[in-house]
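Student: File run09.pdb follows (PDB, C-alpha atoms, pLDDT in the B column):
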ATOM      1  CA  MET A 528       8.949  -6.162  26.844  1.00 87.00           C
ATOM      2  CA  ARG A 529       8.481  -4.655  30.279  1.00 89.00           C
ATOM      3  CA  LEU A 530       6.646  -6.624  32.947  1.00 89.00           C
ATOM      4  CA  THR A 531       4.904  -3.963  35.031  1.00 90.00           C
ATOM      5  CA  ASN A 532       3.769  -5.768  38.196  1.00 89.00           C
ATOM      6  CA  PHE A 533       4.984  -9.362  37.988  1.00 88.00           C
ATOM      7  CA  THR A 534       7.771 -11.608  36.802  1.00 85.00           C
ATOM      8  CA  PHE A 535       8.070 -15.221  35.820  1.00 81.00           C
ATOM      9  CA  TYR A 536       9.633 -16.998  38.773  1.00 75.00           C
ATOM     10  CA  ASN A 537      10.347 -19.952  36.495  1.00 74.00           C
ATOM     11  CA  SER A 538       8.921 -21.160  33.208  1.00 76.00           C
ATOM     12  CA  ILE A 539       5.414 -21.775  34.607  1.00 72.00           C
ATOM     13  CA  GLU A 540       4.987 -19.660  37.762  1.00 80.00           C
ATOM     14  CA  ILE A 541       4.189 -15.967  38.018  1.00 83.00           C
ATOM     15  CA  GLY A 542       5.913 -14.122  40.837  1.00 80.00           C
ATOM     16  CA  ILE A 543       4.435 -10.922  42.256  1.00 78.00           C
ATOM     17  CA  SER A 544       6.817  -8.341  43.652  1.00 70.00           C
ATOM     18  CA  GLY A 545       6.747  -8.125  47.450  1.00 68.00           C
ATOM     19  CA  ARG A 546       4.516 -11.182  47.858  1.00 69.00           C
ATOM     20  CA  PRO A 547       5.548 -14.692  48.892  1.00 66.00           C
ATOM     21  CA  ARG A 548       2.974 -16.482  46.679  1.00 70.00           C
ATOM     22  CA  PHE A 549       3.369 -17.728  43.147  1.00 83.00           C
ATOM     23  CA  LEU A 550       0.643 -18.363  40.592  1.00 88.00           C
ATOM     24  CA  ASP A 551       1.278 -21.727  38.949  1.00 88.00           C
ATOM     25  CA  LEU A 552      -0.046 -21.609  35.375  1.00 90.00           C
ATOM     26  CA  HIS A 553       0.846 -25.269  34.733  1.00 88.00           C
ATOM     27  CA  ASN A 554      -0.329 -27.291  37.731  1.00 86.00           C
ATOM     28  CA  ILE A 555      -3.135 -25.151  39.155  1.00 88.00           C
ATOM     29  CA  TYR A 556      -4.590 -22.871  36.473  1.00 91.00           C
ATOM     30  CA  GLY A 557      -6.005 -23.869  33.099  1.00 91.00           C
ATOM     31  CA  TRP A 558      -5.687 -21.594  30.093  1.00 93.00           C
ATOM     32  CA  LYS A 559      -9.115 -20.343  28.986  1.00 95.00           C
ATOM     33  CA  SER A 560      -8.822 -17.667  26.327  1.00 95.00           C
ATOM     34  CA  ILE A 561      -6.957 -15.195  24.234  1.00 96.00           C
ATOM     35  CA  THR A 562      -8.528 -11.900  23.177  1.00 97.00           C
ATOM     36  CA  TYR A 563      -7.018  -9.646  20.525  1.00 96.00           C
ATOM     37  CA  LEU A 564      -8.047  -5.991  20.503  1.00 97.00           C
ATOM     38  CA  PRO A 565      -6.381  -4.613  17.355  1.00 95.00           C
ATOM     39  CA  GLU A 566      -7.466  -0.982  17.701  1.00 96.00           C
ATOM     40  CA  GLN A 567      -6.104  -0.874  21.269  1.00 97.00           C
ATOM     41  CA  ARG A 568      -3.025  -2.960  20.279  1.00 98.00           C
ATOM     42  CA  GLN A 569      -3.735  -5.329  23.177  1.00 98.00           C
ATOM     43  CA  VAL A 570      -3.762  -9.076  23.702  1.00 98.00           C
ATOM     44  CA  ARG A 571      -5.273 -10.626  26.835  1.00 98.00           C
ATOM     45  CA  MET A 572      -4.604 -14.189  27.920  1.00 97.00           C
ATOM     46  CA  SER A 573      -6.681 -15.619  30.775  1.00 96.00           C
ATOM     47  CA  TRP A 574      -6.279 -18.636  33.041  1.00 94.00           C
ATOM     48  CA  ALA A 575      -8.833 -19.914  35.557  1.00 92.00           C
ATOM     49  CA  LEU A 576      -8.872 -22.228  38.533  1.00 90.00           C
ATOM     50  CA  PRO A 577     -10.506 -25.615  37.983  1.00 85.00           C
ATOM     51  CA  ALA A 578     -14.269 -25.670  38.462  1.00 79.00           C
ATOM     52  CA  ASP A 579     -14.059 -28.571  40.925  1.00 77.00           C
ATOM     53  CA  GLY A 580     -12.826 -26.243  43.673  1.00 66.00           C
ATOM     54  CA  GLU A 581      -9.747 -28.327  44.514  1.00 70.00           C
ATOM     55  CA  ALA A 582      -7.418 -25.298  44.441  1.00 67.00           C
ATOM     56  CA  GLN A 583      -6.604 -23.209  47.485  1.00 74.00           C
ATOM     57  CA  PRO A 584      -9.532 -20.875  48.223  1.00 74.00           C
ATOM     58  CA  ASP A 585      -7.356 -17.768  48.659  1.00 80.00           C
ATOM     59  CA  LEU A 586      -6.027 -17.848  45.093  1.00 86.00           C
ATOM     60  CA  PRO A 587      -7.488 -15.550  42.437  1.00 89.00           C
ATOM     61  CA  SER A 588     -10.098 -17.460  40.441  1.00 89.00           C
ATOM     62  CA  VAL A 589      -9.016 -15.768  37.198  1.00 92.00           C
ATOM     63  CA  VAL A 590      -5.561 -14.574  36.192  1.00 93.00           C
ATOM     64  CA  THR A 591      -5.142 -12.390  33.104  1.00 96.00           C
ATOM     65  CA  LEU A 592      -1.995 -11.214  31.403  1.00 96.00           C
ATOM     66  CA  GLU A 593      -2.679  -8.054  29.440  1.00 97.00           C
ATOM     67  CA  PHE A 594      -0.148  -7.181  26.762  1.00 97.00           C
ATOM     68  CA  ARG A 595      -0.086  -3.554  25.581  1.00 98.00           C
ATOM     69  CA  GLY A 596       1.564  -1.960  22.606  1.00 97.00           C
ATOM     70  CA  VAL A 597       1.308  -5.223  20.689  1.00 97.00           C
ATOM     71  CA  SER A 598       3.105  -5.006  17.369  1.00 95.00           C
ATOM     72  CA  ARG A 599       2.720  -8.650  16.376  1.00 93.00           C
ATOM     73  CA  PHE A 600       1.561 -12.046  17.570  1.00 91.00           C
ATOM     74  CA  ALA A 601       1.726 -15.497  16.041  1.00 93.00           C
ATOM     75  CA  ALA A 602       0.527 -19.017  16.731  1.00 93.00           C
ATOM     76  CA  SER A 603       1.791 -22.465  15.887  1.00 93.00           C
ATOM     77  CA  PRO A 604      -0.580 -25.433  15.556  1.00 93.00           C
ATOM     78  CA  ASN A 605      -0.969 -28.156  18.118  1.00 92.00           C
ATOM     79  CA  ASP A 606       0.134 -31.734  17.513  1.00 94.00           C
ATOM     80  CA  PRO A 607      -2.844 -33.460  15.824  1.00 94.00           C
ATOM     81  CA  GLU A 608      -2.080 -36.612  17.841  1.00 95.00           C
ATOM     82  CA  MET A 609      -2.650 -34.768  21.125  1.00 94.00           C
ATOM     83  CA  PRO A 610      -6.126 -34.204  22.621  1.00 93.00           C
ATOM     84  CA  TYR A 611      -7.420 -30.628  22.533  1.00 90.00           C
ATOM     85  CA  SER A 612      -7.629 -30.678  26.331  1.00 89.00           C
ATOM     86  CA  GLU A 613      -3.819 -30.348  26.337  1.00 92.00           C
ATOM     87  CA  ASP A 614      -4.215 -26.874  24.773  1.00 90.00           C
ATOM     88  CA  THR A 615      -5.219 -25.617  28.235  1.00 91.00           C
ATOM     89  CA  CYS A 616      -2.074 -26.895  29.984  1.00 92.00           C
ATOM     90  CA  LEU A 617       0.872 -24.495  29.845  1.00 91.00           C
ATOM     91  CA  LYS A 618       4.188 -26.276  29.358  1.00 91.00           C
ATOM     92  CA  ALA A 619       6.524 -23.269  29.538  1.00 88.00           C
ATOM     93  CA  VAL A 620       6.921 -19.544  29.052  1.00 88.00           C
ATOM     94  CA  THR A 621      10.138 -18.132  27.709  1.00 84.00           C
ATOM     95  CA  PHE A 622      11.453 -14.754  26.646  1.00 84.00           C
ATOM     96  CA  THR A 623      12.796 -15.209  23.155  1.00 79.00           C
ATOM     97  CA  PRO A 624      15.533 -13.182  21.453  1.00 76.00           C
ATOM     98  CA  PRO A 625      14.584 -11.455  18.169  1.00 76.00           C
ATOM     99  CA  GLU A 626      16.688 -13.817  16.061  1.00 79.00           C
ATOM    100  CA  HIS A 627      14.428 -16.739  17.132  1.00 74.00           C
ATOM    101  CA  SER A 628      11.135 -15.181  15.995  1.00 74.00           C
ATOM    102  CA  SER A 629       9.947 -18.329  14.186  1.00 74.00           C
ATOM    103  CA  ASP A 630      11.161 -20.784  16.862  1.00 72.00           C
ATOM    104  CA  PHE A 631       8.255 -22.053  18.988  1.00 75.00           C
ATOM    105  CA  GLY A 632      10.108 -24.917  20.676  1.00 73.00           C
ATOM    106  CA  SER A 633      13.227 -23.528  22.346  1.00 70.00           C
ATOM    107  CA  GLU A 634      13.371 -22.351  25.933  1.00 69.00           C
ATOM    108  CA  PHE A 635      15.721 -19.584  26.986  1.00 63.00           C
ATOM    109  CA  GLU A 636      16.829 -19.478  30.612  1.00 66.00           C
ATOM    110  CA  VAL A 637      16.848 -15.775  31.393  1.00 60.00           C
ATOM    111  CA  PHE A 638      15.011 -12.598  30.512  1.00 58.00           C
ATOM    112  CA  ARG A 639      17.506 -10.908  28.236  1.00 61.00           C
ATOM    113  CA  SER A 640      16.224  -7.477  27.206  1.00 67.00           C
ATOM    114  CA  ASP A 641      13.180  -5.401  26.361  1.00 71.00           C
ATOM    115  CA  SER A 642      13.636  -6.421  22.704  1.00 75.00           C
ATOM    116  CA  ASP A 643      12.783 -10.039  23.535  1.00 82.00           C
ATOM    117  CA  HIS A 644       9.288 -11.305  22.800  1.00 87.00           C
ATOM    118  CA  ILE A 645       7.390 -13.833  24.896  1.00 89.00           C
ATOM    119  CA  THR A 646       6.588 -17.392  23.839  1.00 89.00           C
ATOM    120  CA  PHE A 647       3.923 -19.563  25.487  1.00 92.00           C
ATOM    121  CA  MET A 648       4.243 -23.308  24.836  1.00 91.00           C
ATOM    122  CA  PHE A 649       1.408 -25.688  25.694  1.00 93.00           C
ATOM    123  CA  GLN A 650       1.440 -29.456  26.335  1.00 93.00           C
ATOM    124  CA  SER A 651      -0.327 -30.067  23.014  1.00 94.00           C
ATOM    125  CA  GLY A 652       2.470 -28.463  21.021  1.00 93.00           C
ATOM    126  CA  PHE A 653       0.340 -25.347  20.483  1.00 93.00           C
ATOM    127  CA  GLY A 654       2.328 -22.140  20.831  1.00 93.00           C
ATOM    128  CA  LEU A 655       1.761 -18.387  21.008  1.00 94.00           C
ATOM    129  CA  LYS A 656       4.285 -15.587  20.557  1.00 93.00           C
ATOM    130  CA  ILE A 657       3.592 -11.989  21.500  1.00 95.00           C
ATOM    131  CA  TRP A 658       5.644  -8.903  20.711  1.00 94.00           C
ATOM    132  CA  ALA A 659       4.534  -6.072  22.997  1.00 96.00           C
ATOM    133  CA  GLU A 660       5.854  -3.041  24.810  1.00 94.00           C
ATOM    134  CA  GLU A 661       4.592  -4.147  28.225  1.00 95.00           C
ATOM    135  CA  ALA A 662       2.575  -6.753  30.101  1.00 95.00           C
ATOM    136  CA  GLU A 663       0.507  -6.446  33.267  1.00 95.00           C
ATOM    137  CA  LEU A 664      -0.940  -9.102  35.568  1.00 94.00           C
ATOM    138  CA  ILE A 665      -4.622  -8.606  36.379  1.00 94.00           C
ATOM    139  CA  CYS A 666      -6.247 -10.717  39.113  1.00 90.00           C
ATOM    140  CA  ASP A 667      -9.734 -10.761  40.580  1.00 78.00           C
ATOM    141  CA  ARG A 668      -8.270 -10.585  44.101  1.00 68.00           C
ATOM    142  CA  VAL A 669      -5.050  -9.559  45.811  1.00 62.00           C
ATOM    143  CA  ILE A 670      -2.894 -12.435  46.972  1.00 55.00           C
TER     144      ILE A 670
END
Spell out the structure here as structure tokens.
Tutor:
Amino acid sequence: MRLTNFTFYNSIEIGISGRPRFLDLHNIYGWKSITYLPEQRQVRMSWALPADGEAQPDLPSVVTLEFRGVSRFAASPNDPEMPYSEDTCLKAVTFTPPEHSSDFGSEFEVFRSDSDHITFMFQSGFGLKIWAEEAELICDRVI
């Protein structure tokens, strides 16, 4: 999977090439939605700043990752003992080698190759995996 205009600085922060800021998808943003567009082979995941306005005012209010050329995606259920509110809190993002396609719990330290897929793990135990050709960061303002 190619990342066209961003990278993951670590397992929860998006880094934007040529910019000193990071977008923290764990501590600052809350996950809001996933949209699957099968005819376009796209998946969009969106995060938003909290409604209480406690975040820095110069951050984008909405951050979307758009995955293109999606060949597959899968989900794992959340832990029934955890509150649903924990579904919005990203625990980690990892690029996963093909041989770990059913593994939702392991984290891999480095981006290995374009054949890796991406795994999103949430505090509730909920997980999403996406196999795509490329991903692009879309923000409602330049940071």
Student: Find the residues around Glu626 (chain A) up to 12 Å (only C-alpha atoms counted), leave out those fewer than 2 positions away in its own chain, and share them as a ChimeraX atom specification.
Tutor: /A:622-624,628-630,642-644
Student: What does the PyMOL selection byres ((chain A and resi 610-616) around 6) select in this file, as a short mmCIF file (atom, residue, chain, number, x, y, z; two decimals) with C-alpha atoms, in the coordinates of the input?
Tutor:
data_model
loop_
_atom_site.label_atom_id
_atom_site.label_comp_id
_atom_site.auth_asym_id
_atom_site.auth_seq_id
_atom_site.Cartn_x
_atom_site.Cartn_y
_atom_site.Cartn_z
CA HIS A 553 0.85 -25.27 34.73
CA GLY A 557 -6.00 -23.87 33.10
CA TRP A 558 -5.69 -21.59 30.09
CA MET A 609 -2.65 -34.77 21.12
CA LEU A 617 0.87 -24.50 29.84
CA PHE A 649 1.41 -25.69 25.69
CA GLN A 650 1.44 -29.46 26.34
CA SER A 651 -0.33 -30.07 23.01
#
Student: What is the CA of Leu664 (chain A)-CA of Gly632 (chain A) distance in Å, reported with one decimal?
Tutor: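 Going from CA of Leu664 (chain A) over to CA of Gly632 (chain A) covers 24.4 Å.
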Student: Could you state which residues are captured by the PyMOL selection byres ((chain A and resi 647) around 7) in this file, as a JSON list (two decimals) with C-alpha atoms, keeping the file's coordinate frame?
Tutor:
[["chain", "number", "residue", "atom", "x", "y", "z"],
["A", 619, "ALA", "CA", 6.52, -23.27, 29.54],
["A", 620, "VAL", "CA", 6.92, -19.54, 29.05],
["A", 621, "THR", "CA", 10.14, -18.13, 27.71],
["A", 645, "ILE", "CA", 7.39, -13.83, 24.90],
["A", 646, "THR", "CA", 6.59, -17.39, 23.84],
["A", 648, "MET", "CA", 4.24, -23.31, 24.84],
["A", 649, "PHE", "CA", 1.41, -25.69, 25.69],
["A", 654, "GLY", "CA", 2.33, -22.14, 20.83],
["A", 655, "LEU", "CA", 1.76, -18.39, 21.01],
["A", 656, "LYS", "CA", 4.28, -15.59, 20.56]]
Student: As a list in words, please: the residues near Asp579 (chain A) (cut-off 12 Å, all atoms listed in the file, same-chain neighbours under 5 positions excluded).
Tutor: Ile555, Tyr556, Pro584 and Ser588 of chain A
Student: For a test of reading the model, state the distance in Å between CA of Ser538 (chain A) and CA of Leu576 (chain A), rounded to one decimal.
Tutor: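 Taking CA of Ser538 (chain A) and CA of Leu576 (chain A), their separation equals 18.6 Å.
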Student: Can you list what the PyMOL selection byres ((chain A and resi 565) around 12) grabs from this structure, as an MDAnalysis selection string?
Tutor: chainID A and resid 562:564 566:571 594:600
Student: What separation in Å, quoted to one decimal, exists between CA of Pro577 (chain A) and CA of Ala659 (chain A)?
Tutor: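 Between CA of Pro577 (chain A) and CA of Ala659 (chain A) the gap is 28.9 Å.
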Student: Identify which of the residues A:Pro625, A:Gly652, A:Pro587, A:Gly542 lies closest to Pro607 (chain A), counting all atoms listed in the file when measuring atom-to-atom distances.
Tutor: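 For Pro607 (chain A), the nearest of the candidates is A:Gly652.
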Student: With all atoms listed in the file as the basis for distance, which of A:Ser544, A:Ser573, A:Ser603, A:Ser633 is at the shortest distance from Asp667 (chain A)?
Tutor: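 Of A:Ser544, A:Ser573, A:Ser603, A:Ser633, the one nearest Asp667 (chain A), counting all atoms listed in the file, is A:Ser573.
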Student: Write out as AutoDock Vina command-line options an axis-aligned box for region 583-592 of chain A: all of its atoms listed in the file, 4 Å added on each side, centre and edge lengths in Å with one decimal.
Tutor:
--center_x -6.0 --center_y -17.2 --center_z 40.0 --size_x 16.1 --size_y 20.0 --size_z 25.3
Student: Which residue is closest to Phe533 (chain A)? Choose from A:Lys559, A:Glu593, A:His627, A:Asp641 and count all atoms listed in the file.
Tutor: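 Checking each of A:Lys559, A:Glu593, A:His627, A:Asp641 against Phe533 (chain A), counting all atoms listed in the file, the winner is A:Glu593.
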Student: I need the residue nearest Val589 (chain A) from this list: A:Ser560, A:Asn537, A:Asn532, A:Asn554. Use only C-alpha atoms for the distance.
Tutor: A:Ser560
